[in-house]
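Novice: Contents of data.cif (mmCIF, C-alpha atoms) are below:
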data_target
loop_
_atom_site.label_atom_id
_atom_site.label_comp_id
_atom_site.auth_asym_id
_atom_site.auth_seq_id
_atom_site.Cartn_x
_atom_site.Cartn_y
_atom_site.Cartn_z
CA MET A 18 -82.67 10.75 -31.19
CA THR A 19 -79.91 13.23 -30.85
CA ALA A 20 -77.41 13.05 -27.93
CA THR A 21 -75.57 16.09 -26.72
CA GLY A 22 -72.76 16.55 -24.11
CA THR A 23 -69.04 17.25 -23.56
CA ALA A 24 -66.00 14.96 -23.53
CA THR A 25 -62.83 15.50 -21.46
CA ILE A 26 -59.54 14.39 -22.97
CA TYR A 27 -56.61 13.69 -20.60
CA THR A 28 -53.01 13.81 -21.75
CA ILE A 29 -50.52 11.66 -19.80
CA THR A 30 -46.84 12.44 -20.32
CA VAL A 31 -44.33 9.71 -19.41
CA THR A 32 -40.68 10.78 -19.09
CA TYR A 33 -37.94 8.19 -19.34
CA GLY A 34 -34.47 8.91 -17.96
CA ASN A 35 -31.97 8.40 -15.15
CA PRO A 36 -32.92 8.82 -11.48
CA PRO A 37 -31.59 11.86 -9.63
CA ALA A 38 -27.80 11.73 -9.20
CA VAL A 39 -26.35 10.83 -5.81
CA GLU A 40 -23.58 13.07 -4.53
CA ALA A 41 -20.32 11.21 -3.88
CA PRO A 42 -19.05 11.07 -0.28
CA VAL A 43 -16.88 13.91 0.98
CA SER A 44 -14.05 13.23 3.46
CA THR A 45 -12.76 15.44 6.26
CA VAL A 46 -9.26 14.04 5.62
CA GLN A 47 -7.66 14.45 2.20
CA SER A 48 -5.23 12.07 0.50
CA GLY A 49 -1.68 12.71 1.65
CA THR A 50 1.08 11.91 4.14
CA TYR A 51 0.46 12.32 7.86
CA TYR A 52 2.62 11.88 10.95
CA GLU A 53 -0.12 10.90 13.37
CA SER A 54 -3.24 8.72 13.29
CA GLN A 55 -6.28 10.11 11.49
CA SER A 56 -10.05 9.97 12.05
CA VAL A 57 -11.93 10.08 8.72
CA LYS A 58 -15.50 11.40 8.61
CA LEU A 59 -17.61 10.84 5.47
CA THR A 60 -20.77 12.71 4.40
CA SER A 61 -22.97 12.93 1.30
CA ALA A 62 -24.99 15.96 0.25
CA THR A 63 -27.79 13.67 -0.99
CA GLU A 64 -30.54 13.42 1.61
CA GLY A 65 -31.20 9.89 2.78
CA ALA A 66 -28.16 8.41 1.02
CA LYS A 67 -26.20 5.71 2.80
CA ILE A 68 -22.42 5.46 2.56
CA TYR A 69 -20.49 2.23 2.01
CA TYR A 70 -16.72 1.86 2.06
CA THR A 71 -13.72 -0.46 1.81
CA THR A 72 -10.17 -0.23 3.18
CA ASP A 73 -8.54 -3.03 1.18
CA GLY A 74 -8.26 -1.14 -2.11
CA SER A 75 -11.29 -2.77 -3.74
CA ASP A 76 -14.19 -0.75 -5.17
CA PRO A 77 -17.14 -0.57 -2.76
CA THR A 78 -20.69 -1.76 -3.43
CA THR A 79 -23.90 -1.58 -1.40
CA LYS A 80 -22.78 -4.88 0.15
CA SER A 81 -19.59 -3.33 1.53
CA THR A 82 -19.25 -2.04 5.09
CA GLU A 83 -21.83 0.65 5.83
CA TYR A 84 -20.41 3.86 7.24
CA THR A 85 -21.89 4.59 10.67
CA LYS A 86 -19.05 6.32 12.52
CA PRO A 87 -15.63 7.95 11.80
CA ILE A 88 -13.00 5.57 10.45
CA ASP A 89 -9.86 5.43 12.60
CA VAL A 90 -6.72 5.12 10.47
CA THR A 91 -3.65 3.89 12.36
CA GLU A 92 -1.60 2.63 9.41
CA THR A 93 -1.18 3.46 5.73
CA THR A 94 -4.65 2.89 4.23
CA THR A 95 -6.68 3.60 1.10
CA ILE A 96 -10.37 4.23 1.76
CA LYS A 97 -12.84 3.96 -1.12
CA ALA A 98 -16.45 5.06 -0.54
CA ILE A 99 -19.77 5.44 -2.36
CA ALA A 100 -23.12 6.97 -1.45
CA ALA A 101 -26.30 5.18 -2.49
CA THR A 102 -30.09 5.56 -2.43
CA SER A 103 -32.67 2.97 -3.42
CA ASP A 104 -32.46 4.29 -6.97
CA ALA A 105 -28.85 5.20 -7.68
CA VAL A 106 -25.21 4.96 -6.63
CA SER A 107 -22.61 7.73 -6.65
CA THR A 108 -19.15 7.70 -8.13
CA VAL A 109 -16.30 6.40 -5.94
CA THR A 110 -14.43 8.71 -3.58
CA THR A 111 -10.83 7.61 -2.88
CA ILE A 112 -8.79 8.77 0.11
CA ALA A 113 -5.18 7.47 0.13
CA ILE A 114 -3.61 8.08 3.54
CA LYS A 115 0.09 7.43 4.10
CA LEU A 116 1.04 7.34 7.78
CA LEU A 117 4.60 7.84 8.97
CA LEU A 118 4.33 7.17 12.69
CA PRO A 119 7.23 7.41 15.17
CA PHE A 120 8.56 4.08 16.43
CA GLU A 121 11.03 2.91 19.06
CA ILE A 122 14.49 1.38 18.72
CA THR A 123 16.09 -0.33 21.71
CA LEU A 124 19.85 -0.86 21.54
CA THR A 125 21.29 -4.14 22.80
CA LYS A 126 24.76 -2.56 22.97
CA ASP A 127 26.07 0.99 23.22
CA MET A 128 27.04 0.86 19.55
CA GLU A 129 25.49 -1.30 16.85
CA THR A 130 24.71 -1.26 13.15
CA TYR A 131 21.27 -0.38 11.83
CA CYS A 132 19.30 -0.33 8.60
CA SER A 133 15.71 0.74 7.93
CA ALA A 134 13.44 -0.13 5.02
CA ILE A 135 12.19 3.47 5.03
CA PRO A 136 13.95 6.85 5.43
CA VAL A 137 14.25 7.85 9.08
CA ASP A 138 15.19 10.91 11.14
CA PHE A 139 17.27 10.42 14.30
CA SER A 140 17.85 14.13 14.95
CA GLU A 141 15.53 14.27 18.00
CA SER A 142 15.98 10.68 19.15
CA GLY A 143 18.98 11.07 21.44
CA LEU A 144 21.00 8.67 19.29
CA THR A 145 24.14 9.62 17.40
CA VAL A 146 24.37 8.27 13.85
CA TYR A 147 27.61 7.46 12.01
CA THR A 148 28.71 6.33 8.58
CA ALA A 149 31.87 4.25 8.22
CA LYS A 150 34.65 4.15 5.64
CA VAL A 151 38.05 2.50 5.70
CA ALA A 152 41.01 4.89 5.56
CA ASP A 153 44.64 4.22 6.41
CA GLY A 154 43.83 0.76 7.73
CA VAL A 155 41.08 1.78 10.17
CA ALA A 156 37.33 2.28 9.96
CA VAL A 157 36.67 5.99 10.37
CA LEU A 158 33.22 6.84 11.75
CA THR A 159 31.73 10.15 10.60
CA GLU A 160 28.72 11.63 12.34
CA VAL A 161 25.60 12.21 10.22
CA GLU A 162 24.90 15.72 11.45
CA SER A 163 21.38 15.94 9.98
CA GLY A 164 20.43 12.67 11.63
CA GLN A 165 18.58 11.67 8.47
CA VAL A 166 19.25 8.29 6.88
CA PRO A 167 17.93 7.04 3.51
CA ALA A 168 16.10 3.74 3.20
CA THR A 169 18.22 0.55 3.15
CA ARG A 170 21.49 2.39 3.93
CA GLY A 171 23.59 1.04 6.76
CA VAL A 172 24.76 3.20 9.67
CA ILE A 173 26.12 2.80 13.19
CA LEU A 174 24.01 4.01 16.10
CA LYS A 175 25.54 5.14 19.38
CA GLY A 176 23.52 5.37 22.55
CA ALA A 177 22.95 3.44 25.77
CA ALA A 178 22.29 -0.29 25.76
CA GLY A 179 18.79 -1.20 26.95
CA THR A 180 17.40 2.27 26.28
CA ALA A 181 14.41 2.78 23.97
CA TYR A 182 14.76 5.68 21.53
CA THR A 183 11.91 7.21 19.52
CA VAL A 184 12.67 7.61 15.81
CA LYS A 185 10.65 9.49 13.20
CA PRO A 186 10.10 8.11 9.69
CA ILE A 187 10.32 10.65 6.87
CA GLU A 188 9.43 10.67 3.18
CA SER A 189 12.99 11.09 1.93
CA ALA A 190 16.54 11.70 3.15
CA PRO A 191 19.73 12.95 1.46
CA SER A 192 22.23 10.34 0.33
CA LEU A 193 25.15 9.46 2.61
CA SER A 194 28.59 10.13 1.18
CA ASN A 195 31.77 8.23 2.05
CA ASN A 196 29.81 5.34 3.51
CA GLU A 197 30.86 1.71 3.07
CA LEU A 198 28.14 0.30 5.33
CA TYR A 199 25.54 -1.75 3.50
CA GLY A 200 22.21 -2.54 5.11
CA ILE A 201 19.94 -5.56 4.84
CA THR A 202 16.22 -5.33 5.57
CA SER A 203 15.56 -9.06 6.01
CA ASP A 204 17.53 -11.95 7.50
CA GLY A 205 20.23 -13.17 5.16
CA LYS A 206 23.82 -14.19 4.55
CA VAL A 207 26.70 -11.84 3.91
CA SER A 208 29.69 -13.03 1.89
CA TYR A 209 32.62 -11.36 0.18
CA GLU A 210 33.39 -11.33 -3.51
CA PHE A 211 36.78 -12.87 -4.17
CA ASP A 212 39.50 -10.40 -5.21
CA LYS A 213 37.02 -7.52 -5.17
CA TYR A 214 35.32 -6.75 -1.88
CA PHE A 215 35.84 -7.91 1.69
CA CYS A 216 33.08 -7.96 4.27
CA TYR A 217 33.36 -7.05 7.94
CA ILE A 218 30.86 -7.58 10.74
CA PHE A 219 30.70 -5.07 13.61
CA GLN A 220 31.28 -6.87 16.92
CA ASP A 221 32.35 -5.51 20.30
CA GLY A 222 33.40 -2.15 18.90
CA VAL A 223 35.55 -3.45 16.04
CA PHE A 224 34.98 -4.81 12.54
CA LYS A 225 35.82 -8.49 12.06
CA LYS A 226 36.42 -9.98 8.65
CA ALA A 227 33.81 -12.52 7.55
CA THR A 228 34.00 -14.85 4.57
CA GLU A 229 30.36 -15.62 5.28
CA ALA A 230 28.04 -14.54 8.08
CA LYS A 231 24.35 -14.47 8.93
CA LEU A 232 22.81 -11.11 9.74
CA LYS A 233 19.36 -10.23 11.00
CA GLY A 234 17.24 -7.83 9.02
CA GLY A 235 17.71 -4.25 10.08
CA LYS A 236 21.48 -4.58 10.47
CA ALA A 237 24.46 -3.57 8.32
CA TYR A 238 27.94 -4.75 7.38
CA LEU A 239 31.07 -3.05 6.08
CA ARG A 240 32.02 -3.82 2.48
CA THR A 241 35.37 -2.54 1.26
CA THR A 242 38.32 -3.37 -0.95
CA TYR A 243 40.68 -3.23 2.05
CA ASP A 244 41.91 -6.61 3.31
CA ILE A 245 43.15 -6.74 6.91
CA THR A 246 44.62 -10.19 6.37
CA ALA A 247 47.00 -8.83 3.75
CA ALA A 248 47.95 -6.08 6.19
CA GLY A 249 48.74 -8.62 8.91
CA ALA A 250 45.91 -7.50 11.20
CA ARG A 251 43.12 -9.51 12.83
CA GLU A 252 40.54 -6.77 13.33
CA LEU A 253 39.61 -3.50 11.71
CA LYS A 254 39.89 -0.84 14.41
CA VAL A 255 37.37 1.97 14.73
CA VAL A 256 38.16 5.66 15.22
CA PHE A 257 35.84 8.64 15.22
CA GLU A 258 36.48 11.34 12.64
CA GLY A 259 37.13 13.95 15.33
CA GLU A 260 39.84 11.76 16.78
CA ALA A 261 41.31 10.94 13.38
CA THR A 262 41.83 14.57 12.43
CA GLY A 263 44.35 15.01 15.23
CA ILE A 264 46.33 11.87 14.55
CA LYS A 265 49.80 12.31 13.15
CA ALA A 266 50.81 10.23 10.14
CA VAL A 267 54.34 8.84 10.06
CA GLU A 268 56.32 6.81 7.55
CA THR A 269 58.11 4.67 10.12
CA VAL A 270 58.16 4.04 13.85
CA ALA A 271 61.51 2.33 14.15
CA ASP A 272 63.23 2.44 17.56
CA GLN A 273 60.04 3.65 19.29
CA ASN A 274 57.60 2.07 21.72
CA VAL A 275 54.69 0.92 19.55
CA TYR A 276 51.41 -0.60 20.78
CA ASP A 277 48.18 -1.56 19.06
CA LEU A 278 44.89 -0.07 20.23
CA GLN A 279 44.43 -2.95 22.68
CA GLY A 280 47.67 -2.10 24.46
CA ARG A 281 49.78 -4.94 23.07
CA LYS A 282 53.35 -4.13 22.15
CA VAL A 283 54.05 -4.47 18.43
CA ALA A 284 57.45 -5.56 17.14
CA VAL A 285 56.83 -4.61 13.50
CA ALA A 286 54.14 -2.04 12.79
CA GLN A 287 52.22 -2.56 9.59
CA LYS A 288 50.13 0.12 7.93
CA GLY A 289 47.41 1.31 10.31
CA LEU A 290 46.69 3.09 13.59
CA TYR A 291 48.96 2.60 16.61
CA ILE A 292 49.95 4.15 19.91
CA VAL A 293 53.49 5.49 19.51
CA ASN A 294 55.13 6.94 22.61
CA GLY A 295 51.72 7.55 24.12
CA LYS A 296 50.19 9.21 21.03
CA LYS A 297 47.92 7.89 18.30
CA MET A 298 49.63 7.76 14.91
CA PHE A 299 48.94 6.35 11.49
CA VAL A 300 51.77 4.28 10.06
CA LYS A 301 51.82 4.67 6.28
#
Take the structure I supplied and represent it as structure tokens, if you would.
Specialist:
Amino acid sequence: MTATGTATIYTITVTYGNPPAVEAPVSTVQSGTYYESQSVKLTSATEGAKIYYTTDGSDPTTKSTEYTKPIDVTETTTIKAIAATSDAVSTVTTIAIKLLLPFEITLTKDMETYCSAIPVDFSESGLTVYTAKVADGVAVLTEVESGQVPATRGVILKGAAGTAYTVKPIESAPSLSNNELYGITSDGKVSYEFDKYFCYIFQDGVFKKATEAKLKGGKAYLRTTYDITAAGARELKVVFEGEATGIKAVETVADQNVYDLQGRKVAVAQKGLYIVNGKKMFVK
């Protein structure tokens, strides 16, 4: 017996390879420095992909926080995010946001020292900023006209006690010349180096010599080679540069009425600033 008919042959092609790629998240806020809080929105071009993120610097996984709403950034933060489907995970998107937000300073006295761990701008704060340097036996205060102060550098602030002033942080500030104020950013002790530098603490409008003193972080002290003890003085007086430019320098004040800046009559004037016949004068 002979059998006749047709046979159908099917060809099955199996392709091995990676699943479709998942597009990495895209952020509405780019890495950079900002001066106000940011709201970060994340999206992925891959349909159906879920987004996961971290804010502690670690790489995200599908077990990290799932993105469901904009991320509010109120401090310097690094966001890392991925997009994922059931088959694949995207590369990591990193958004590094540095925030420099204004903050308030409240003076306890009309004049006090200050130091910041970051550069700051006082130009719109309402405060006047000064550097200090010893010259002719007095501490001469010079106004910082730009109002910008580098990180960790000491200055003197002048304003109204009990008033809150808004200060702006900045990325950088020019160096301060002719400044012998040194700042500390954390609580610590200040002491002088024998036969080299002498330290002075600003109190009640004058600088007082300190062999050792405790200062709170955010304050400053004067460090100089000038020794008031050797000059026979008890305090380092303070004058503003504008005042100092009009002060006459004299070699001697013999046979004249001489008073210190606190109104006390002086029998023998040492080198420094005095009131002589009603006028301020430097005695050389």
Novice: Using only C-alpha atoms, find the one residue out of A:Asp73, A:Gly143, A:Pro42, A:Tyr51 that sits nearest to Ala101 in chain A.
Specialist: A:Pro42
Novice: Go through A:Ala230, A:Ala38, A:Leu193, A:Leu239 one by one, measure the shortest atom-to-atom distance of each to Ser103 in chain A using only C-alpha atoms, and give the residue with the smallest value.
Specialist: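 The shortest atom-to-atom distance to Ser103 in chain A comes from A:Ala38.
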Novice: Quick one: of A:Ala227, A:Val255, A:Leu124, A:Ile112, who's nearest to Tyr214 in chain A, counting only C-alpha atoms?
Specialist: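 For Tyr214 in chain A, the nearest of the given residues is A:Ala227.
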Novice: For the file shown, what are the residues hit by the PyMOL selection byres ((chain A and resi 63) around 6), laid out as a list in words?
Specialist: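 Matching residues under the PyMOL selection byres ((chain A and resi 63) around 6) are Val39, Glu40, Ser61, Ala62, Glu64 and Ala66 of chain A.
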Novice: As JSON, what would the box around range 68-75 of chain A look like: edges along x, y and z, 8 Å added on every side, centre and edge lengths in Å to one decimal?
Specialist:
{"center_x": -15.3, "center_y": 1.2, "center_z": -0.3, "size_x": 30.2, "size_y": 24.5, "size_z": 22.9}
Novice: Select, from A:Lys206, A:Ala98, A:Pro77, A:Val283, the residue with the minimum atom-to-atom distance to Ala250 in chain A, counting all atoms listed in the file.
Specialist: A:Val283
